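Q: Can you read through this structure? Questions will come right after.
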Amino acid sequence: FLLYFSYSGALTFGLSEYIYNFYSSSNYHLDMNEFKKDFYNIYIIQILLVIITLIITFLTNSFLFFLGGLLAIIYVLYSVIEIFIISKKEFKKISKYRFIRTLIFLIAFSQIYFFNLTNVYTLISSNLLAYFIILIITLKIFNLSLNPLNAYLNFNAKDFIRKIKYGLPVLYGNFISMLNSNVDKNILSIHLSIKDFSIYSFPSIFFILIRDLINSLKNYLFPNLNSITEDKQKFYYNKIGFSIIFFFIILSPILILIKIIIKSFYLKYIESLILLEPFYFCLILETLNQVLHSNYFQIFKLNKLFFLSNLIIFIFLYSTFIILINFNTSLYFLGLITFFLLSLRFIFIDIFLRQTLKQKKMITIVQILLIVAIFYVVTFIFNQ
């Protein structure tokens with residue numbers, strides 16, 4: 001559920017990417033009326049998707065599909081408002097709204113857990129309730145409405161098509177980039193049994209907070225980088241990259257703590273211990289890709305190249321991974337080949353961007369491998 005829900009941002013068909021890029025630009029004056037038009041354009045798309053969801057639900061008799069589809073649609077409407085707030089650099093508001101949403105979810109889910117009603121339906125319903133309430137709150141604050149008539153009256157077909165044409169390459173690039181980051185999970189969710197896949201995916205749970213931090217950092221950096229001069233943007237490229245690597249070096253002892261927690265409380269997943277290091281290394285590469293590479297592709301308006309480069313990498317990653325898993329399906333091997341393939345993606349993208357930005361210094365894979373060596377030395381000493 002969490003894996004596939006992460007792709008729901010594609011339901012804006014590129015309009016949210018347009019908002020994110022143009023509204024945070026230094027030469028763009030934020031216009032609330034213009035944003036309302038964009039919001040209602042996205043709302044019309046979501047109304048059509050609700051109708052499609054109802055038809056599929058009726059044909060398949062799947063209430064789970066209806067809940068998941070409705071959650072994705074409500075999430076999209078809220079995320080568009082959130083993107084607008086980020087573009088205005090009002091990060092305190094974002095923190096407040098996310099805190100309220102999380103609090104609502106925890107209250108709802110704790111009640112469900114207390115009455116022993118925990119299942120996939122109640123999990124999705126708790127998320128649905130949290131996003132719906134925060135959506136209603138933000139709609140009131142920004143004087144927006146879910147009245148379809150407002151969406152119809154504000155709809156401009158030419159403007160809608162123009163913005164989608166700009167946003168689609170960015171959307172496709174981001175979407176394929178996410179598929180590339182999840183190359184192992186997307187394939188293994190089909191290839192492995194539920195038990196083996198749960199063991200393989202378990203270490204990722206401990207990195208959720210770090211992933212949230214990554215998303216927050218990405219959201220913070222883009223509007224700030226997008227509003228400064230080109231020379232300064234190029235100047236900060238290496239500094240941001242080296243700062244990310246330094247952050248993960250400082251954070252490395254957390255692996256020892258996670259191992260202690262698994263050995264003490266999650267013996268059922270003890271087999272997943274061998275995956276902690278490979279997954280952590282993959283997280284470093286994912287952070288560099290999301291915070292650094294993705295942002296710079298969009299800042300320099302290399303949207304089509306962003307899409308094409310990720311598409312080429314997608315074909316290579318998935319075909320190579322499918323071939324390799326036919327030779328060995330041990331968990332550690334799967335973790336290592338994921339790290340290896342994501343390292344190749346990192347090298348390819350980084351070399352391309354450095355040449356485009358005319359950067360002399362390079363965030364080399366050697367530096368990341370040095371972190372790998374440090375991890376294994378620390379782990380070896382700790383296990384003696």
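The chains in the structure tokens are called A, B, ... from first to last as shown; in each chain the residues are counted from 1, and the ligands are counted from 1 in the order shown.
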Show me a table, sorted first by chain and then by increasing residue number, of the residues of stretch 156-232 of chain A having an atom at most 12 Å from stretch 305-309 of chain A, each with its shortest atom pair and the distance in Å to one decimal, counting only C-alpha atoms and written as a tab-separated table.
A:
residue	atom	partner	partner_atom	distance
A:Gly167	CA	A:Phe307	CA	11.2
A:Leu168	CA	A:Phe307	CA	9.3
A:Pro169	CA	A:Phe307	CA	5.8
A:Val170	CA	A:Phe307	CA	6.7
A:Leu171	CA	A:Phe307	CA	8.3
A:Tyr172	CA	A:Phe307	CA	6.1
A:Gly173	CA	A:Phe307	CA	3.9
A:Asn174	CA	A:Phe307	CA	7.6
A:Phe175	CA	A:Phe307	CA	9.0
A:Ile176	CA	A:Phe307	CA	7.6
A:Ser177	CA	A:Phe307	CA	8.4
A:Met178	CA	A:Phe307	CA	11.7
A:Asn180	CA	A:Ser309	CA	11.3
Q: Mind writing the picked residues with C-alpha atoms as a PDB file, in the first residue's frame?
A:
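Printed below is selection-v7.pdb as written:
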ATOM      1  CA  GLY A 167       4.488  19.820 -16.478  1.00  0.00           C
ATOM      2  CA  LEU A 168       4.220  16.378 -18.108  1.00  0.00           C
ATOM      3  CA  PRO A 169       7.960  15.872 -18.854  1.00  0.00           C
ATOM      4  CA  VAL A 170       8.732  16.825 -15.215  1.00  0.00           C
ATOM      5  CA  LEU A 171       5.987  14.523 -13.944  1.00  0.00           C
ATOM      6  CA  TYR A 172       7.145  11.601 -16.084  1.00  0.00           C
ATOM      7  CA  GLY A 173      10.762  12.249 -15.064  1.00  0.00           C
ATOM      8  CA  ASN A 174       9.863  12.297 -11.348  1.00  0.00           C
ATOM      9  CA  PHE A 175       7.621   9.248 -11.726  1.00  0.00           C
ATOM     10  CA  ILE A 176      10.255   7.161 -13.520  1.00  0.00           C
ATOM     11  CA  SER A 177      12.902   8.389 -11.050  1.00  0.00           C
ATOM     12  CA  MET A 178      10.735   7.014  -8.209  1.00  0.00           C
ATOM     13  CA  ASN A 180      14.125   3.593 -10.448  1.00  0.00           C
TER      14      ASN A 180
END
Q: Could you go through stretch 257-287 of chain A and tell me which residues DSSP, when run on the backbone, assigns to alpha helix (DSSP H), listing them as a list in words?
A: Leu257, Ile258, Lys259, Ile260, Ile261, Ile262, Lys263, Ser264, Phe265, Leu276, Glu277, Pro278, Phe279, Tyr280, Phe281, Cys282, Leu283, Ile284, Leu285, Glu286 and Thr287 of chain A
Q: So, with only C-alpha atoms as the atoms that count, which of A:Thr338, A:Ile45, A:Leu275, A:Tyr131 lies closest to A:Tyr75?
A: A:Tyr131
Q: I need the residue nearest A:Ser189 from this list: A:Ile274, A:Lys268, A:Leu225, A:Ser201. Use only C-alpha atoms for the distance.
A: A:Ser201
Q: Considering only C-alpha atoms, can you say which of A:Ile322, A:Leu341, A:Leu48, A:Val120 comes closest to A:His191?
A: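 Going through A:Ile322, A:Leu341, A:Leu48, A:Val120 one by one, the smallest distance to A:His191 is for A:Ile322.
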Q: Show me, as number ranges by chain, the residues that have an atom within 12 Å of A:Tyr97 when counting only C-alpha atoms, minus same-chain residues fewer than 2 positions from it.
A: A: 78-79, 81-82, 85-86, 90-95, 99-104, 130-131, 133-138, 141
